[in-house]
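Novice: Supplied structure: data_38.cif, mmCIF, C-alpha atoms.
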data_run
loop_
_atom_site.label_atom_id
_atom_site.label_comp_id
_atom_site.auth_asym_id
_atom_site.auth_seq_id
_atom_site.Cartn_x
_atom_site.Cartn_y
_atom_site.Cartn_z
CA MET A 1 47.41 -55.04 132.79
CA PHE A 2 49.03 -58.44 133.24
CA GLU A 3 46.43 -60.09 131.03
CA MET A 4 47.01 -57.51 128.28
CA ILE A 5 50.76 -58.12 128.37
CA LYS A 6 50.17 -61.87 128.33
CA HIS A 7 47.83 -61.52 125.36
CA ARG A 8 50.31 -59.42 123.39
CA PHE A 9 53.05 -61.92 124.17
CA ARG A 10 50.91 -64.73 122.76
CA ILE A 11 50.30 -62.70 119.60
CA MET A 12 54.01 -61.98 119.22
CA ARG A 13 54.86 -65.63 119.75
CA ALA A 14 52.35 -66.72 117.11
CA VAL A 15 53.59 -64.21 114.50
CA ALA A 16 57.22 -65.05 115.31
CA PHE A 17 56.55 -68.76 114.90
CA VAL A 18 54.83 -68.27 111.54
CA THR A 19 57.70 -66.07 110.37
CA TYR A 20 60.21 -68.67 111.52
CA LYS A 21 58.41 -71.42 109.60
CA GLU A 22 58.16 -69.23 106.51
CA TRP A 23 61.84 -68.29 106.46
CA SER A 24 63.02 -71.76 107.48
CA ALA A 25 61.95 -72.87 104.02
CA TYR A 26 64.87 -70.74 102.82
CA ARG A 27 67.31 -71.67 105.58
CA THR A 28 70.05 -72.26 103.01
CA HIS A 29 70.01 -68.50 102.50
CA SER A 30 70.81 -68.04 106.20
CA MET A 31 73.40 -70.80 106.20
CA VAL A 32 75.42 -68.94 103.55
CA SER A 33 76.53 -66.76 106.46
CA ILE A 34 78.39 -69.77 107.83
CA PHE A 35 80.82 -69.23 104.96
CA VAL A 36 80.53 -65.46 104.51
CA GLY A 37 81.25 -64.69 108.17
CA PRO A 38 84.53 -66.66 108.43
CA VAL A 39 85.71 -65.38 105.02
CA TYR A 40 85.03 -61.80 106.14
CA PHE A 41 86.92 -62.53 109.35
CA LEU A 42 89.93 -63.84 107.41
CA VAL A 43 90.01 -60.61 105.39
CA GLN A 44 89.93 -58.60 108.61
CA TYR A 45 92.63 -60.84 110.10
CA TYR A 46 95.09 -60.22 107.27
CA ILE A 47 94.32 -56.49 107.12
CA TRP A 48 94.75 -55.87 110.84
CA SER A 49 97.77 -58.17 111.13
CA ALA A 50 99.47 -55.93 108.58
CA VAL A 51 98.30 -52.78 110.37
CA TYR A 52 99.59 -54.06 113.72
CA SER A 53 102.96 -55.12 112.28
CA GLY A 54 105.48 -54.02 114.92
CA GLU A 55 102.76 -52.50 117.13
CA SER A 56 101.33 -53.97 120.33
CA TYR A 57 98.47 -51.48 120.75
CA ILE A 58 96.77 -49.04 118.42
CA ASN A 59 94.24 -46.61 119.88
CA GLY A 60 94.13 -48.69 123.03
CA MET A 61 93.32 -51.99 121.29
CA SER A 62 95.64 -54.97 120.83
CA LEU A 63 95.46 -57.25 117.79
CA SER A 64 93.72 -59.98 119.79
CA GLN A 65 91.18 -57.44 121.07
CA MET A 66 90.60 -56.20 117.54
CA LEU A 67 89.95 -59.72 116.23
CA SER A 68 87.62 -60.47 119.14
CA TYR A 69 85.81 -57.20 118.41
CA PHE A 70 85.11 -58.10 114.78
CA CYS A 71 83.98 -61.59 115.75
CA ALA A 72 81.64 -60.05 118.32
CA THR A 73 80.19 -57.56 115.82
CA MET A 74 79.46 -60.33 113.33
CA LEU A 75 77.84 -62.56 115.94
CA ILE A 76 75.75 -59.69 117.33
CA ASN A 77 74.62 -58.76 113.83
CA TYR A 78 73.23 -62.26 113.36
CA LEU A 79 70.97 -61.63 116.36
CA THR A 80 69.97 -58.02 115.66
CA MET A 81 69.87 -57.67 111.85
CA ASP A 82 66.73 -55.88 110.73
CA PHE A 83 64.69 -55.70 107.52
CA ALA A 84 61.75 -53.60 108.77
CA ASP A 85 62.64 -50.58 106.60
CA TRP A 86 62.65 -52.56 103.34
CA ASN A 87 59.48 -54.48 104.21
CA LEU A 88 57.57 -51.39 105.31
CA GLN A 89 58.53 -49.41 102.22
CA MET A 90 57.40 -52.29 100.00
CA LEU A 91 54.01 -52.49 101.74
CA ILE A 92 53.45 -48.74 101.48
CA ARG A 93 54.54 -48.53 97.85
CA THR A 94 52.26 -51.36 96.75
CA GLY A 95 49.33 -50.23 98.91
CA LYS A 96 49.27 -53.52 100.81
CA PHE A 97 49.84 -51.64 104.05
CA ILE A 98 46.12 -50.81 104.02
CA THR A 99 45.30 -54.38 105.07
CA PHE A 100 46.79 -53.67 108.49
CA SER A 101 44.07 -51.12 109.16
CA LEU A 102 41.69 -54.11 109.26
CA ARG A 103 43.80 -56.19 111.63
CA PRO A 104 43.57 -56.17 115.44
CA MET A 105 47.23 -55.14 115.79
CA ASN A 106 49.23 -52.26 114.39
CA HIS A 107 51.95 -52.97 111.84
CA MET A 108 54.74 -51.76 114.09
CA PHE A 109 54.05 -54.53 116.62
CA TYR A 110 53.56 -57.04 113.80
CA ALA A 111 56.93 -56.11 112.26
CA LEU A 112 58.67 -56.47 115.63
CA SER A 113 57.11 -59.92 116.04
CA GLN A 114 58.30 -60.85 112.56
CA LYS A 115 61.81 -59.81 113.44
CA ALA A 116 61.76 -61.97 116.57
CA GLY A 117 60.93 -65.06 114.51
CA HIS A 118 63.44 -64.17 111.82
CA ARG A 119 66.26 -63.73 114.33
CA VAL A 120 65.51 -67.05 116.03
CA LEU A 121 66.37 -68.52 112.65
CA GLY A 122 69.54 -66.39 112.65
CA LEU A 123 70.45 -67.75 116.09
CA LEU A 124 70.16 -71.37 114.94
CA PHE A 125 71.62 -71.18 111.44
CA GLU A 126 74.05 -68.24 111.69
CA PHE A 127 75.08 -67.36 115.25
CA ILE A 128 75.70 -70.83 116.68
CA PRO A 129 77.62 -72.30 113.69
CA CYS A 130 79.81 -69.19 113.29
CA PHE A 131 80.42 -69.04 117.05
CA MET A 132 81.72 -72.62 116.89
CA ILE A 133 83.92 -71.83 113.88
CA PHE A 134 85.45 -68.73 115.50
CA PHE A 135 86.03 -70.52 118.81
CA PHE A 136 87.22 -73.97 117.74
CA ILE A 137 88.83 -73.37 114.33
CA PHE A 138 90.21 -69.82 114.57
CA HIS A 139 90.75 -70.05 118.36
CA ILE A 140 89.34 -66.59 118.95
CA ASP A 141 88.05 -65.75 122.40
CA VAL A 142 84.40 -65.10 121.54
CA LEU A 143 83.00 -65.96 124.96
CA PRO A 144 81.26 -62.89 126.45
CA ALA A 145 83.07 -61.29 129.36
CA ASN A 146 79.78 -61.27 131.29
CA LEU A 147 76.93 -63.33 129.87
CA LEU A 148 74.12 -61.39 131.59
CA TYR A 149 75.47 -58.00 130.50
CA ALA A 150 75.97 -59.30 126.95
CA ILE A 151 72.40 -60.62 126.74
CA LEU A 152 70.97 -57.33 128.05
CA SER A 153 73.02 -55.25 125.63
CA ILE A 154 72.21 -57.45 122.62
CA ALA A 155 68.50 -57.36 123.51
CA MET A 156 68.61 -53.56 123.58
CA ALA A 157 70.59 -53.50 120.32
CA PHE A 158 67.84 -55.71 118.86
CA MET A 159 65.22 -53.12 119.81
CA MET A 160 67.39 -50.16 118.77
CA ASN A 161 67.98 -51.65 115.35
CA PHE A 162 64.27 -52.18 114.91
CA PHE A 163 63.31 -48.64 115.96
CA ILE A 164 65.92 -47.10 113.66
CA HIS A 165 65.07 -49.18 110.61
CA TYR A 166 61.33 -48.89 111.10
CA SER A 167 61.69 -45.11 111.40
CA ILE A 168 63.63 -45.05 108.13
CA GLY A 169 60.97 -47.21 106.52
CA MET A 170 58.31 -44.65 107.44
CA VAL A 171 59.94 -42.19 105.05
CA ALA A 172 57.86 -44.02 102.40
CA PHE A 173 54.72 -42.46 103.92
CA TRP A 174 56.06 -39.06 102.85
CA MET A 175 57.98 -39.83 99.64
CA VAL A 176 56.92 -41.81 96.57
CA GLN A 177 60.43 -43.23 96.11
CA SER A 178 62.48 -43.53 99.30
CA SER A 179 65.12 -46.09 98.32
CA SER A 180 67.79 -43.38 98.00
CA ILE A 181 67.14 -42.30 101.60
CA ARG A 182 67.40 -45.90 102.72
CA ASN A 183 70.69 -46.38 100.83
CA PHE A 184 72.15 -43.22 102.37
CA PHE A 185 71.08 -44.37 105.80
CA ASN A 186 72.70 -47.79 105.28
CA LEU A 187 75.95 -46.05 104.35
CA CYS A 188 75.87 -43.92 107.50
CA GLU A 189 74.97 -46.94 109.61
CA GLY A 190 77.88 -48.96 108.24
CA ILE A 191 80.35 -46.18 109.05
CA PHE A 192 79.09 -44.83 112.37
CA SER A 193 77.90 -48.09 113.95
CA GLY A 194 81.44 -49.41 114.19
CA SER A 195 80.80 -52.46 112.03
CA LEU A 196 83.43 -51.49 109.44
CA ILE A 197 86.02 -50.04 111.83
CA PRO A 198 85.93 -49.48 115.60
CA LEU A 199 84.82 -45.98 116.52
CA VAL A 200 88.00 -45.43 118.57
CA PHE A 201 89.83 -44.97 115.25
CA PHE A 202 87.69 -41.95 114.36
CA PRO A 203 88.67 -38.35 115.16
CA LYS A 204 87.71 -37.41 118.70
CA SER A 205 85.03 -34.99 117.47
CA LEU A 206 83.25 -37.83 115.63
CA GLN A 207 83.66 -40.10 118.64
CA MET A 208 81.90 -37.51 120.79
CA ALA A 209 79.17 -37.12 118.17
CA SER A 210 78.59 -40.89 118.33
CA PHE A 211 77.13 -40.51 121.83
CA PHE A 212 74.28 -38.47 120.31
CA LEU A 213 73.76 -40.62 117.21
CA PRO A 214 71.80 -43.89 117.35
CA PHE A 215 74.28 -46.01 115.40
CA GLN A 216 76.86 -46.99 118.02
CA TYR A 217 74.11 -48.46 120.20
CA THR A 218 73.45 -51.16 117.61
CA THR A 219 76.98 -52.48 117.11
CA PHE A 220 79.97 -50.76 118.75
CA LEU A 221 78.52 -50.47 122.24
CA PRO A 222 77.14 -54.04 122.47
CA ALA A 223 80.42 -55.36 121.04
CA MET A 224 82.32 -53.49 123.77
CA VAL A 225 79.96 -54.87 126.40
CA TYR A 226 80.45 -58.33 124.90
CA THR A 227 84.24 -58.04 125.15
CA GLY A 228 84.09 -56.49 128.64
CA SER A 229 85.33 -52.89 128.36
CA TYR A 230 84.09 -49.61 126.92
CA THR A 231 86.13 -46.55 125.98
CA LEU A 232 85.15 -43.86 123.49
CA ALA A 233 86.47 -40.30 123.07
CA ASP A 234 88.88 -41.01 125.96
CA ILE A 235 85.86 -41.67 128.19
CA THR A 236 85.96 -45.02 129.98
CA LEU A 237 82.70 -46.18 131.52
CA PRO A 238 81.91 -49.24 133.66
CA ILE A 239 79.63 -51.69 131.91
CA PRO A 240 76.56 -51.02 134.13
CA GLN A 241 76.73 -47.32 133.17
CA VAL A 242 77.15 -48.30 129.53
CA LEU A 243 73.99 -50.41 129.72
CA LEU A 244 72.14 -47.50 131.32
CA LEU A 245 73.31 -45.23 128.49
CA GLN A 246 72.11 -47.75 125.93
CA PHE A 247 68.77 -48.12 127.74
CA ILE A 248 68.18 -44.36 127.61
CA ALA A 249 69.04 -44.30 123.90
CA VAL A 250 66.61 -47.17 123.20
CA ILE A 251 63.80 -45.43 125.11
CA ILE A 252 64.35 -42.21 123.16
CA ALA A 253 64.44 -44.11 119.85
CA GLY A 254 61.25 -45.96 120.79
CA VAL A 255 59.38 -42.78 121.67
CA VAL A 256 60.50 -41.09 118.44
CA CYS A 257 59.55 -44.15 116.36
CA ARG A 258 56.12 -44.42 117.98
CA GLY A 259 55.50 -40.70 117.46
CA LEU A 260 56.53 -40.91 113.80
CA TYR A 261 54.22 -43.88 113.33
CA ALA A 262 51.22 -41.97 114.68
CA VAL A 263 51.97 -38.96 112.46
CA SER A 264 52.84 -40.98 109.36
CA LEU A 265 49.58 -42.94 109.36
CA LYS A 266 47.77 -39.70 108.55
CA HIS A 267 49.72 -39.47 105.28
CA PHE A 268 48.98 -42.99 104.03
CA THR A 269 46.72 -42.88 100.97
CA GLY A 270 46.77 -46.55 99.95
CA VAL A 271 48.10 -45.83 96.45
CA GLY A 272 48.27 -49.04 94.45
CA ALA A 273 45.74 -50.88 96.61
#
For this file, write the structure as structure tokens.
Specialist:
Amino acid sequence: MFEMIKHRFRIMRAVAFVTYKEWSAYRTHSMVSIFVGPVYFLVQYYIWSAVYSGESYINGMSLSQMLSYFCATMLINYLTMDFADWNLQMLIRTGKFITFSLRPMNHMFYALSQKAGHRVLGLLFEFIPCFMIFFFIFHIDVLPANLLYAILSIAMAFMMNFFIHYSIGMVAFWMVQSSSIRNFFNLCEGIFSGSLIPLVFFPKSLQMASFFLPFQYTTFLPAMVYTGSYTLADITLPIPQVLLLQFIAVIIAGVVCRGLYAVSLKHFTGVGA
């Protein structure tokens, strides 16, 4: 068992390293985020400064907490961003997915390994520079309230994002053209993940629904863990319980994704190969 895990880790490390080298040739693309992130933050700063005019707290969040929240969501996104859905749909549509039936690893594991390498690049060329800008130039408190909890939550958000996007990508096994489904999903993700606005600003019914949707576990929840407190739908949970909740959600998403993968393979016809 240990040898099998060690072997799979070596495979993942090799694929991740190749992916890192491949994408590092286009590191300028990643470094654009050094400018996009702070500009987006400035927009949020002016918007929320106007919203908080004359108010100390809105929905339980102060202005400083709100700014720290948006900085945290941007930094976490640099570490968890996923492209598995787009890549998988492209492989299925062109028929190139058939080559993975000849390889000694399934595509799901290969795609996860690719993401690991891609996000190492994001750590070096997006996360670290933007962290320094937020901390030293904008003087925003972007240090995690608890480093261990933050790492655990971000790692689970990394996996959750992968399972969700890979599951969406598998729609291409069933539909000839699935880009509209992917676009609709991206819209829902942007709204219900908390990346555009914290979920505490939603009606209570939608806040309750967020516990049963996968989206908050990719952005809102890890951002709350990062900043040190979690409250949603008037329910305040200690961070260890929040991490347990996120762990359960990731396990469910992983089981569903693995089940969909097994079923979807039976529908692949290799059109275009």
Novice: For the structure provided, state which residues fall under the PyMOL selection byres ((chain A and resi 84) around 10), and present them as JSON, numbers by chain.
Specialist: {"A": [81, 82, 83, 85, 86, 87, 88, 89, 90, 108, 111, 112, 114, 115, 161, 162, 163, 164, 165, 166, 167, 168, 169, 170]}
Novice: Produce the centre coordinates and the three edge lengths, each in Å to one decimal, of the box along x, y and z that contains all listed atoms of stretch 197-201 of chain A with 6 Å added on each side, as AutoDock Vina command-line options.
Specialist:
--center_x 87.3 --center_y -47.5 --center_z 115.2 --size_x 17.0 --size_y 17.1 --size_z 18.7
Novice: Since I can't run it myself right now, could you work out what the PyMOL selection byres ((chain A and resi 218-223) around 8) selects here and report it as an mmCIF file with C-alpha atoms, in the coordinates of the input?
Specialist:
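Resulting contents of expr_34.cif:
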data_model
loop_
_atom_site.group_PDB
_atom_site.id
_atom_site.type_symbol
_atom_site.label_atom_id
_atom_site.label_comp_id
_atom_site.auth_asym_id
_atom_site.auth_seq_id
_atom_site.Cartn_x
_atom_site.Cartn_y
_atom_site.Cartn_z
ATOM 1 C CA TYR A 69 85.810 -57.200 118.410
ATOM 2 C CA ALA A 72 81.640 -60.050 118.320
ATOM 3 C CA THR A 73 80.190 -57.560 115.820
ATOM 4 C CA ILE A 76 75.750 -59.690 117.330
ATOM 5 C CA ASN A 77 74.620 -58.760 113.830
ATOM 6 C CA THR A 80 69.970 -58.020 115.660
ATOM 7 C CA ALA A 150 75.970 -59.300 126.950
ATOM 8 C CA SER A 153 73.020 -55.250 125.630
ATOM 9 C CA ILE A 154 72.210 -57.450 122.620
ATOM 10 C CA ALA A 157 70.590 -53.500 120.320
ATOM 11 C CA PHE A 158 67.840 -55.710 118.860
ATOM 12 C CA MET A 160 67.390 -50.160 118.770
ATOM 13 C CA ASN A 161 67.980 -51.650 115.350
ATOM 14 C CA SER A 193 77.900 -48.090 113.950
ATOM 15 C CA GLY A 194 81.440 -49.410 114.190
ATOM 16 C CA SER A 195 80.800 -52.460 112.030
ATOM 17 C CA PRO A 198 85.930 -49.480 115.600
ATOM 18 C CA LEU A 199 84.820 -45.980 116.520
ATOM 19 C CA PRO A 214 71.800 -43.890 117.350
ATOM 20 C CA PHE A 215 74.280 -46.010 115.400
ATOM 21 C CA GLN A 216 76.860 -46.990 118.020
ATOM 22 C CA TYR A 217 74.110 -48.460 120.200
ATOM 23 C CA MET A 224 82.320 -53.490 123.770
ATOM 24 C CA VAL A 225 79.960 -54.870 126.400
ATOM 25 C CA TYR A 226 80.450 -58.330 124.900
ATOM 26 C CA THR A 227 84.240 -58.040 125.150
ATOM 27 C CA TYR A 230 84.090 -49.610 126.920
ATOM 28 C CA VAL A 242 77.150 -48.300 129.530
ATOM 29 C CA GLN A 246 72.110 -47.750 125.930
#
Novice: Measuring between all atoms listed in the file, which one of A:Val200, A:Met12, A:Ala233, A:Met74 shows the shortest distance to A:Tyr110?
Specialist: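 Of A:Val200, A:Met12, A:Ala233, A:Met74, the one nearest A:Tyr110, counting all atoms listed in the file, is A:Met12.
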Novice: Using only C-alpha atoms, find the one residue out of A:Leu143, A:Met156, A:Cys188, A:Leu121 that sits nearest to A:Ala25.
Specialist: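 Answer, going by the shortest atom-to-atom distance: A:Leu121.
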Novice: Residues of stretch 60-90 of chain A that have any atom at most 8 Å from an atom of stretch 33-47 of chain A: could you tabulate them with the shortest-distance atom pair and the distance in Å to one decimal, using only C-alpha atoms, ordered by chain and increasing number, as a Markdown table?
Specialist:
| residue | atom | partner | partner_atom | distance |
| --- | --- | --- | --- | --- |
| A:Leu67 | CA | A:Tyr45 | CA | 6.8 |
| A:Phe70 | CA | A:Phe41 | CA | 7.2 |
| A:Cys71 | CA | A:Phe41 | CA | 7.1 |
| A:Met74 | CA | A:Gly37 | CA | 7.0 |
